[in-house]
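structure14.cif follows; it contains mmCIF, C-alpha atoms and all ligand atoms.
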```
data_protein
loop_
_atom_site.label_atom_id
_atom_site.label_comp_id
_atom_site.auth_asym_id
_atom_site.auth_seq_id
_atom_site.Cartn_x
_atom_site.Cartn_y
_atom_site.Cartn_z
CA MET A 1 102.15 127.76 114.88
CA GLN A 2 103.90 125.19 112.70
CA THR A 3 105.76 126.44 109.60
CA PHE A 4 105.44 124.44 106.45
CA ASP A 5 106.77 124.06 102.89
CA LEU A 6 104.90 122.18 100.20
CA PRO A 7 107.38 121.29 97.45
CA ALA A 8 106.40 121.11 93.78
CA ALA A 9 104.89 117.74 92.93
CA VAL A 10 106.39 115.42 90.32
CA PRO A 11 104.46 115.58 87.00
CA VAL A 12 102.51 112.36 86.37
CA ALA A 13 101.39 110.67 83.15
CA PHE A 14 98.78 108.02 84.04
CA GLY A 15 96.72 105.47 82.14
CA PRO A 16 96.67 102.09 80.43
CA GLY A 17 98.98 102.13 77.41
CA ARG A 18 100.96 105.17 78.62
CA LEU A 19 104.11 103.07 78.53
CA ASP A 20 104.10 103.26 74.74
CA ARG A 21 104.35 107.04 74.93
CA LEU A 22 107.70 106.97 76.77
CA GLY A 23 109.66 108.06 73.69
CA THR A 24 107.46 111.06 72.90
CA LEU A 25 107.10 112.01 76.58
CA THR A 26 110.91 111.96 76.85
CA THR A 27 111.19 114.30 73.87
CA GLU A 28 108.54 116.62 75.33
CA ARG A 29 110.08 116.72 78.80
CA LEU A 30 113.82 116.33 78.20
CA GLY A 31 114.35 117.23 74.53
CA ALA A 32 115.20 115.32 71.35
CA GLU A 33 117.95 112.75 70.76
CA ARG A 34 118.74 112.00 74.40
CA ARG A 35 121.02 109.21 75.62
CA LEU A 36 119.01 107.28 78.20
CA LEU A 37 120.18 104.55 80.53
CA LEU A 38 117.29 102.25 81.38
CA VAL A 39 117.78 100.99 84.95
CA ALA A 40 115.56 97.92 85.32
CA ASP A 41 115.25 95.13 87.86
CA PRO A 42 115.78 91.57 86.55
CA PHE A 43 112.01 90.98 86.19
CA ALA A 44 111.58 94.05 83.99
CA ALA A 45 114.77 93.20 82.11
CA THR A 46 113.74 89.62 81.28
CA SER A 47 109.97 89.95 80.82
CA GLY A 48 110.26 91.87 77.57
CA LEU A 49 109.31 95.14 79.27
CA ALA A 50 112.79 96.67 79.09
CA GLU A 51 113.15 95.65 75.45
CA ARG A 52 109.81 97.22 74.62
CA LEU A 53 110.83 100.49 76.25
CA ILE A 54 114.22 100.60 74.55
CA GLU A 55 112.52 100.05 71.18
CA ASN A 56 110.01 102.78 71.96
CA LEU A 57 112.77 105.23 72.90
CA GLU A 58 114.78 104.42 69.78
CA GLU A 59 111.73 104.83 67.54
CA ALA A 60 111.39 108.34 68.95
CA GLY A 61 115.00 109.13 67.99
CA HIS A 62 116.72 108.55 71.34
CA LYS A 63 119.64 106.23 72.16
CA ALA A 64 119.11 103.74 75.00
CA ALA A 65 121.18 101.20 76.95
CA LEU A 66 120.17 98.77 79.71
CA PHE A 67 121.50 98.35 83.25
CA SER A 68 119.80 95.47 85.06
CA ASP A 69 122.15 94.55 87.92
CA VAL A 70 119.54 95.63 90.47
CA VAL A 71 118.42 93.43 93.33
CA SER A 72 115.77 93.79 96.01
CA ASP A 73 117.33 95.84 98.84
CA PRO A 74 120.16 97.15 96.63
CA ARG A 75 123.60 97.86 98.07
CA GLU A 76 125.97 100.74 97.47
CA GLY A 77 127.88 98.55 94.99
CA HIS A 78 124.80 98.30 92.75
CA VAL A 79 124.41 102.08 92.71
CA ASP A 80 128.11 102.64 92.02
CA ALA A 81 128.09 100.05 89.20
CA CYS A 82 125.08 101.84 87.70
CA VAL A 83 126.94 105.16 87.88
CA ASP A 84 129.92 103.62 86.02
CA VAL A 85 127.67 102.29 83.24
CA ALA A 86 125.80 105.61 82.96
CA ARG A 87 129.11 107.48 82.70
CA ASP A 88 130.58 105.07 80.12
CA PHE A 89 127.40 105.32 78.03
CA GLY A 90 127.37 109.12 78.32
CA ALA A 91 123.82 109.04 79.68
CA ASP A 92 122.12 112.41 79.88
CA ALA A 93 119.02 110.93 81.53
CA ILE A 94 117.94 107.80 83.37
CA VAL A 95 114.71 105.83 83.05
CA ALA A 96 114.15 103.90 86.30
CA LEU A 97 111.87 100.92 85.75
CA GLY A 98 110.89 98.52 88.51
CA GLY A 99 109.74 98.26 92.11
CA GLY A 100 111.28 100.51 94.73
CA SER A 101 114.78 99.09 94.26
CA ALA A 102 115.26 100.02 90.59
CA MET A 103 113.88 103.49 91.23
CA ASP A 104 116.11 103.92 94.28
CA VAL A 105 119.20 102.88 92.31
CA GLY A 106 118.28 104.95 89.23
CA LYS A 107 117.50 108.11 91.21
CA LEU A 108 120.64 107.99 93.32
CA ALA A 109 122.89 107.09 90.37
CA ALA A 110 121.44 110.01 88.37
CA ALA A 111 122.18 112.45 91.21
CA ILE A 112 125.84 111.41 91.60
CA VAL A 113 126.83 110.55 88.03
CA GLY A 114 128.77 113.83 87.81
CA THR A 115 131.02 113.13 90.81
CA LYS A 116 133.74 110.57 91.48
CA GLU A 117 132.40 109.88 94.98
CA SER A 118 130.71 106.64 95.95
CA SER A 119 127.01 106.49 96.82
CA ALA A 120 127.94 105.70 100.43
CA ALA A 121 129.23 109.28 100.80
CA TYR A 122 125.63 110.50 100.46
CA ALA A 123 124.07 108.14 103.03
CA LEU A 124 121.82 109.80 105.64
CA ALA A 125 122.05 113.15 103.83
CA THR A 126 125.28 114.05 105.62
CA LYS A 127 126.36 116.11 102.59
CA PRO A 128 124.44 117.78 99.75
CA PHE A 129 124.42 116.34 96.23
CA PRO A 130 126.82 117.98 93.76
CA GLY A 131 123.97 119.43 91.68
CA ASN A 132 125.30 118.25 88.30
CA GLY A 133 123.18 115.10 88.00
CA VAL A 134 120.93 114.00 85.14
CA PRO A 135 117.09 113.84 85.13
CA VAL A 136 115.08 110.70 85.89
CA ILE A 137 111.84 109.35 84.46
CA ALA A 138 110.41 106.87 86.97
CA ILE A 139 108.19 103.97 85.91
CA PRO A 140 106.98 101.86 88.87
CA THR A 141 106.12 98.21 88.21
CA THR A 142 104.60 97.74 91.68
CA SER A 143 102.12 99.97 93.50
CA GLY A 144 103.55 100.71 96.91
CA THR A 145 106.82 102.50 97.48
CA GLY A 146 105.75 105.77 95.88
CA ALA A 147 109.45 106.28 95.07
CA GLU A 148 108.36 107.85 91.79
CA MET A 149 107.16 110.85 93.82
CA THR A 150 109.88 111.25 96.46
CA GLY A 151 113.32 112.78 96.94
CA THR A 152 114.50 109.69 98.83
CA SER A 153 116.52 106.60 97.85
CA VAL A 154 116.83 103.63 100.20
CA PHE A 155 119.88 101.37 99.84
CA SER A 156 122.27 99.33 101.97
CA LEU A 157 125.91 99.93 102.79
CA GLY A 158 128.51 97.24 102.16
CA ASP A 159 127.99 95.83 105.68
CA GLY A 160 124.25 95.38 105.03
CA THR A 161 123.07 98.40 107.04
CA LYS A 162 119.97 99.85 105.41
CA VAL A 163 120.33 103.61 104.92
CA TRP A 164 118.67 106.38 102.90
CA ALA A 165 119.76 109.30 100.81
CA TRP A 166 117.64 112.42 100.57
CA GLY A 167 117.63 115.64 98.59
CA PRO A 168 115.61 117.66 96.07
CA GLU A 169 117.96 116.33 93.36
CA LEU A 170 116.39 112.87 93.78
CA TYR A 171 112.90 113.91 92.62
CA PRO A 172 112.09 112.38 89.22
CA LYS A 173 111.25 114.78 86.38
CA LEU A 174 108.29 112.60 85.40
CA ALA A 175 106.40 109.61 86.83
CA LEU A 176 104.85 107.38 84.21
CA LEU A 177 102.08 105.18 85.64
CA ASP A 178 100.61 102.43 83.48
CA PRO A 179 98.30 100.00 85.34
CA GLU A 180 98.88 97.31 82.70
CA ILE A 181 102.47 96.91 83.97
CA THR A 182 101.25 95.82 87.42
CA ALA A 183 98.68 93.26 86.17
CA SER A 184 101.07 90.32 86.45
CA LEU A 185 102.18 91.10 90.01
CA PRO A 186 101.44 88.03 92.22
CA ALA A 187 98.80 88.41 94.95
CA PRO A 188 101.17 88.34 97.99
CA LEU A 189 103.35 91.06 96.45
CA THR A 190 100.28 93.07 95.45
CA ALA A 191 99.11 92.91 99.08
CA ALA A 192 102.49 93.74 100.63
CA THR A 193 103.20 96.68 98.31
CA GLY A 194 99.65 98.03 98.69
CA VAL A 195 99.99 97.87 102.47
CA ASP A 196 103.24 99.85 102.15
CA ALA A 197 101.27 102.61 100.39
CA LEU A 198 98.62 102.51 103.13
CA VAL A 199 101.27 102.81 105.85
CA HIS A 200 102.90 105.75 104.05
CA ALA A 201 99.58 107.56 103.98
CA ILE A 202 98.77 106.84 107.65
CA GLU A 203 102.26 107.78 108.86
CA SER A 204 102.35 111.04 106.91
CA MET A 205 98.94 111.91 108.40
CA THR A 206 99.94 111.21 111.98
CA ASN A 207 103.62 111.99 112.53
CA ARG A 208 104.91 115.18 114.15
CA ASN A 209 105.34 116.86 110.73
CA ALA A 210 101.71 116.30 109.74
CA HIS A 211 99.97 119.42 108.45
CA PRO A 212 96.50 120.04 106.99
CA LEU A 213 98.03 121.23 103.68
CA ASN A 214 99.33 117.71 103.15
CA ASP A 215 96.28 115.77 104.39
CA PRO A 216 94.32 115.55 101.10
CA PRO A 217 96.67 113.21 99.16
CA ALA A 218 97.19 111.00 102.24
CA MET A 219 93.51 110.74 103.10
CA ARG A 220 92.56 109.97 99.51
CA ALA A 221 95.28 107.29 99.36
CA ILE A 222 93.93 105.63 102.52
CA GLY A 223 90.42 105.49 101.06
CA LEU A 224 91.63 104.15 97.70
CA VAL A 225 93.72 101.36 99.25
CA ARG A 226 90.84 100.35 101.54
CA ARG A 227 88.40 100.30 98.62
CA TRP A 228 90.52 98.75 95.86
CA LEU A 229 93.43 96.72 97.25
CA PRO A 230 91.32 93.63 98.16
CA GLN A 231 89.99 93.61 94.61
CA ALA A 232 93.47 93.99 93.05
CA VAL A 233 94.67 91.09 95.22
CA ALA A 234 91.67 88.89 94.32
CA ASP A 235 91.81 89.62 90.58
CA GLY A 236 95.19 90.86 89.36
CA GLY A 237 93.81 91.43 85.87
CA ASP A 238 91.26 93.99 87.08
CA LEU A 239 92.83 97.08 85.55
CA GLU A 240 90.43 99.46 87.30
CA ALA A 241 91.52 98.10 90.70
CA ARG A 242 95.18 98.06 89.64
CA GLY A 243 94.96 101.66 88.46
CA GLN A 244 93.27 102.90 91.63
CA VAL A 245 95.91 101.24 93.85
CA GLN A 246 98.62 102.71 91.61
CA ILE A 247 97.12 106.17 92.11
CA ALA A 248 96.93 105.53 95.86
CA ALA A 249 100.63 104.61 95.98
CA CYS A 250 101.48 107.73 93.99
CA LEU A 251 99.42 109.98 96.31
CA ALA A 252 100.90 108.35 99.42
CA GLY A 253 104.39 108.79 97.93
CA ALA A 254 103.67 112.48 97.37
CA ALA A 255 102.51 112.72 101.00
CA ILE A 256 105.65 111.14 102.51
CA ALA A 257 107.82 113.25 100.20
CA VAL A 258 106.55 116.19 102.27
CA ASN A 259 106.03 114.77 105.77
CA GLY A 260 108.13 111.61 105.94
CA CYS A 261 107.24 108.36 107.68
CA ALA A 262 107.36 107.30 111.34
CA VAL A 263 107.72 104.35 113.72
CA ALA A 264 106.45 101.68 111.31
CA HIS A 265 109.28 102.52 108.91
CA GLY A 266 111.91 102.64 111.67
CA LEU A 267 110.78 99.29 113.02
CA GLY A 268 110.11 97.92 109.52
CA HIS A 269 113.60 98.81 108.27
CA ALA A 270 115.06 97.11 111.35
CA LEU A 271 112.97 94.01 110.60
CA GLY A 272 114.23 94.14 107.01
CA THR A 273 117.82 94.24 108.26
CA VAL A 274 117.41 91.50 110.89
CA GLY A 275 114.97 89.15 109.16
CA HIS A 276 115.04 90.08 105.45
CA VAL A 277 111.26 90.53 105.53
CA HIS A 278 109.71 92.24 102.48
CA HIS A 279 109.49 95.99 103.11
CA GLY A 280 105.73 96.31 102.64
CA ARG A 281 104.94 93.42 104.95
CA ALA A 282 107.54 94.61 107.47
CA VAL A 283 106.06 98.11 107.78
CA GLY A 284 102.51 96.71 107.73
CA LEU A 285 103.25 94.42 110.68
CA SER A 286 105.16 97.17 112.48
CA LEU A 287 102.25 99.60 112.31
CA ARG A 288 99.95 96.82 113.51
CA VAL A 289 101.76 96.68 116.87
CA ALA A 290 102.43 100.42 117.16
CA LEU A 291 98.99 101.68 116.19
CA GLU A 292 97.21 101.39 119.53
CA GLY A 293 99.78 103.57 121.30
CA ASN A 294 99.83 106.04 118.41
CA VAL A 295 96.04 106.35 118.49
CA ALA A 296 96.12 107.07 122.22
CA ALA A 297 98.74 109.80 121.68
CA THR A 298 96.89 111.72 118.94
CA PRO A 299 93.25 110.59 118.77
CA GLU A 300 92.13 113.58 116.68
CA ARG A 301 94.61 112.86 113.86
CA HIS A 302 93.82 109.15 113.97
CA ALA A 303 90.09 109.93 113.84
CA LEU A 304 90.75 111.49 110.42
CA VAL A 305 92.60 108.32 109.38
CA ALA A 306 89.72 106.18 110.68
CA GLU A 307 87.20 108.17 108.65
CA ALA A 308 89.35 107.95 105.52
CA PHE A 309 89.58 104.21 106.17
CA GLY A 310 85.79 104.03 105.99
CA ILE A 311 85.00 103.61 109.70
CA GLU A 312 81.66 105.27 110.38
CA ARG A 313 81.58 107.92 113.08
CA LYS A 314 78.09 107.05 114.34
CA GLY A 315 78.08 110.07 116.65
CA ARG A 316 81.29 108.95 118.37
CA SER A 317 83.96 111.30 119.72
CA ASP A 318 87.36 111.50 117.98
CA ALA A 319 88.84 109.28 120.70
CA ALA A 320 86.15 106.61 120.33
CA LEU A 321 86.33 106.68 116.53
CA ALA A 322 90.14 106.46 116.51
CA ALA A 323 90.03 103.61 119.04
CA ALA A 324 88.26 101.49 116.40
CA LEU A 325 91.17 101.87 113.97
CA PRO A 326 93.64 99.19 115.21
CA GLU A 327 91.05 96.40 114.94
CA ALA A 328 89.89 97.56 111.49
CA TYR A 329 93.52 97.80 110.32
CA ASP A 330 94.30 94.29 111.58
CA ALA A 331 91.19 92.91 109.84
CA PHE A 332 92.27 94.62 106.60
CA LEU A 333 95.76 93.08 106.69
CA ARG A 334 94.15 89.66 107.09
CA GLU A 335 91.59 90.39 104.34
CA VAL A 336 94.36 91.06 101.80
CA GLY A 337 96.21 87.95 102.96
CA LEU A 338 99.25 89.51 104.62
CA GLU A 339 101.04 86.84 106.67
CA ILE A 340 100.96 88.14 110.25
CA SER A 341 103.16 85.52 111.91
CA LEU A 342 106.93 85.84 111.49
CA SER A 343 107.64 82.27 112.61
CA GLY A 344 107.91 81.18 108.96
CA ASP A 345 110.64 83.79 108.55
CA GLY A 346 112.79 82.09 111.19
CA LEU A 347 112.04 84.72 113.85
CA SER A 348 110.62 84.39 117.38
CA GLY A 349 110.18 86.36 120.60
CA GLU A 350 113.81 85.56 121.44
CA ASP A 351 114.88 87.98 118.69
CA ALA A 352 113.15 90.95 120.36
CA GLU A 353 116.29 92.38 121.94
CA ARG A 354 118.28 92.04 118.71
CA LEU A 355 115.49 93.70 116.75
CA ALA A 356 115.18 96.54 119.27
CA ALA A 357 118.94 97.11 118.98
CA ALA A 358 118.53 97.38 115.20
CA CYS A 359 115.83 100.04 115.77
CA ASP A 360 118.14 102.03 118.00
CA THR A 361 120.52 103.08 115.21
CA ALA A 362 121.37 106.36 113.50
CA GLU A 363 119.52 105.38 110.32
CA ASN A 364 116.27 104.32 112.06
CA GLN A 365 116.11 106.75 114.98
CA PRO A 366 114.82 109.73 112.96
CA MET A 367 111.64 107.81 112.18
CA PHE A 368 111.00 107.09 115.87
CA GLU A 369 111.74 110.71 116.77
CA VAL A 370 109.17 112.05 114.33
CA THR A 371 106.44 109.68 115.58
CA CYS A 372 103.53 111.19 117.51
CA ARG A 373 104.78 109.70 120.81
CA ALA A 374 108.10 109.07 122.51
CA PHE A 375 109.85 105.69 122.57
CA ASP A 376 112.33 104.38 125.08
CA ARG A 377 114.24 101.14 124.71
CA ALA A 378 111.69 99.24 126.86
CA GLU A 379 108.80 100.32 124.60
CA MET A 380 110.79 99.39 121.49
CA GLU A 381 111.44 95.93 122.93
CA ARG A 382 107.76 95.57 123.83
CA LEU A 383 106.71 96.39 120.25
CA CYS A 384 109.35 94.07 118.81
CA HIS A 385 108.21 91.22 121.07
CA ALA A 386 104.56 91.79 120.19
CA MET A 387 105.37 91.71 116.47
CA LEU A 388 107.63 88.65 116.69
CA THR A 389 105.04 86.62 118.62
CA ALA A 390 101.90 87.72 116.71
CA ALA A 391 99.75 85.08 115.07
FE FE B 1 107.57 102.19 102.75
#
```
Go ahead and render the structure in this file as structure tokens.
Ligand SMILES: [Fe+2]
Amino acid sequence: MQTFDLPAAVPVAFGPGRLDRLGTLTTERLGAERRLLLVADPFAATSGLAERLIENLEEAGHKAALFSDVVSDPREGHVDACVDVARDFGADAIVALGGGSAMDVGKLAAAIVGTKESSAAYALATKPFPGNGVPVIAIPTTSGTGAEMTGTSVFSLGDGTKVWAWGPELYPKLALLDPEITASLPAPLTAATGVDALVHAIESMTNRNAHPLNDPPAMRAIGLVRRWLPQAVADGGDLEARGQVQIAACLAGAAIAVNGCAVAHGLGHALGTVGHVHHGRAVGLSLRVALEGNVAATPERHALVAEAFGIERKGRSDAALAAALPEAYDAFLREVGLEISLSGDGLSGEDAERLAAACDTAENQPMFEVTCRAFDRAEMERLCHAMLTAA
């Protein structure tokens, strides 16, 4: 029988207006008069959000400084620059505010601020963190990556290779979720990030590490995305819908923190490297082409996913119920407006071999290996071709 560890979850403070409690929550969790480096992406830094948080922290008696040199798909240089600023400021905690990128940079910088080594030294978890890092409070501004709940940071090396760092030291000490922050997120980004959360939940439910102890958060996340994401896309100001999708992303993040992802993230990261496609859309399209084979490999696990996704059993066997999932998933991607074709991204079937080669790398292989079925190079190329020619 499978052995299993369920790590302690990250504490969560959720609700509209919670942002304005950052200062007091910091005092409660980390103590008084802290020196906090706010790591924010350019949107958060220029929209007044970062300013508002710094003011709030200072009102509560803390000192705060801003680091905003964070880009989408951050590189090792961004993390190392953040470490330098944190060290110069004497930061004893980091507040990571933004989409996945700002949280990835903030978490990794916090874990290595006490060492002289570069972030690249910690890529692919080849060595443990030094253990003298500073705590992180994570505040997501999108609802998708779930990075506020995980011990993972994704970043790119200097040559553009997308890699990840992993370790218990990367778990935030608190996740602060305020649906009001996500209200201004444009519809395409709302859809892509929400699909990322859905894929996290499905992959954690169906990969080789899946375990019943970890099913509840993933299954609930699947149901919440199915129920609320179309509404959040249609009406960004609907705070109920925004909040429910935010909770879904948080639950799915907690699920992958335990079980990890699978083929859609291996293929999706490769698509991100080759075609610079947004992560959420990339993994959404990747699962779309991989799902049929996955369902055939483990129909009983995918029947659970199908039920969570709202597909009625109607007396059907697990295999028959699970077989309905790929079509329902495809219809859902189209309902939330995810662009299926990659032709507008400058990609075509001719790129299949190049994309398959990008899958077959040390950083992406682990996600194929943990998938519920085996992949050889021919199957990878078939999936890549199907994705690149989809319409
Ligand atoms: Fe993801």
Residues within 7 Å of ligand FE 1 (chain B), counting all atoms listed in the file, as a short mmCIF file (atom, residue, chain, number, x, y, z; two decimals) with C-alpha atoms, in the coordinates of the input:
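Heads up, here's the output in pocket39.cif:
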```
data_model
loop_
_atom_site.label_atom_id
_atom_site.label_comp_id
_atom_site.auth_asym_id
_atom_site.auth_seq_id
_atom_site.Cartn_x
_atom_site.Cartn_y
_atom_site.Cartn_z
CA THR A 145 106.82 102.50 97.48
CA ASP A 196 103.24 99.85 102.15
CA ALA A 197 101.27 102.61 100.39
CA HIS A 200 102.90 105.75 104.05
CA HIS A 265 109.28 102.52 108.91
CA HIS A 279 109.49 95.99 103.11
CA GLY A 280 105.73 96.31 102.64
CA VAL A 283 106.06 98.11 107.78
#
```
- Which one is closest to A:Val274: A:Ala362, A:Leu388, A:Ala221, A:Leu170? Count only C-alpha atoms. A:Leu388
Could you give me, as a compact mmCIF listing (two decimals) with C-alpha atoms, in the coordinates of the input, the residues within 8 Å of stretch 290-292 of chain A, counting only C-alpha atoms and dropping anything in the same chain fewer than 6 positions from it?
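Saved result, out_21.txt, follows:
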```txt
# COMPACT_ATOMS: atom_id res chain seq x y z
CA VAL A 263 107.72 104.35 113.72
CA ALA A 264 106.45 101.68 111.31
CA ALA A 323 90.03 103.61 119.04
CA PRO A 326 93.64 99.19 115.21
CA LEU A 383 106.71 96.39 120.25
```
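Residue nearest A:Leu333 within the list A:Leu198, A:Val71, A:Val134, A:Leu6: A:Leu198 [criterion: smallest interatomic distance, only C-alpha atoms].
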- Query: By how many Å are atom CA of A:Ala270 and atom CA of A:Leu342 apart?
  - Reply: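 Result for atom CA of A:Ala270 versus atom CA of A:Leu342: 13.9 Å, one decimal.
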- Quick one: residues within 10 Å of stretch 344-358 of chain A, all atoms listed in the file counted, chain neighbours fewer than 2 positions away excluded, as a PyMOL selection string? chain A and resi 161+266-277+339-342+360-365+377-390
- Taking all atoms listed in the file into account, which of A:Gly77, A:Gly99, A:Gly23, A:Pro42 comes nearest A:Ser143?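 Among the listed residues, A:Gly99 lies closest to A:Ser143.
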- Query: Neighbours of A:Leu239 within 8 Å (all atoms listed in the file; same-chain residues fewer than 3 positions away dropped), as JSON, numbers by chain?
  - Reply: {"A": [179, 180, 183, 236, 242, 243]}
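The coordinates place atom CA of A:Val336 at 22.4 Å from atom CA of A:Pro217.
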- Would you please work out which residue, of A:Lys314, A:Arg281, A:Arg52, A:His302, is nearest to A:Ala191 when using all atoms listed in the file?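 Of A:Lys314, A:Arg281, A:Arg52, A:His302, the one nearest A:Ala191, counting all atoms listed in the file, is A:Arg281.
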- Task: Have a look at atom CA of A:Gly131 and atom CA of A:Asp5 and let me know their distance in Å, one decimal.
- Result: 21.0 Å
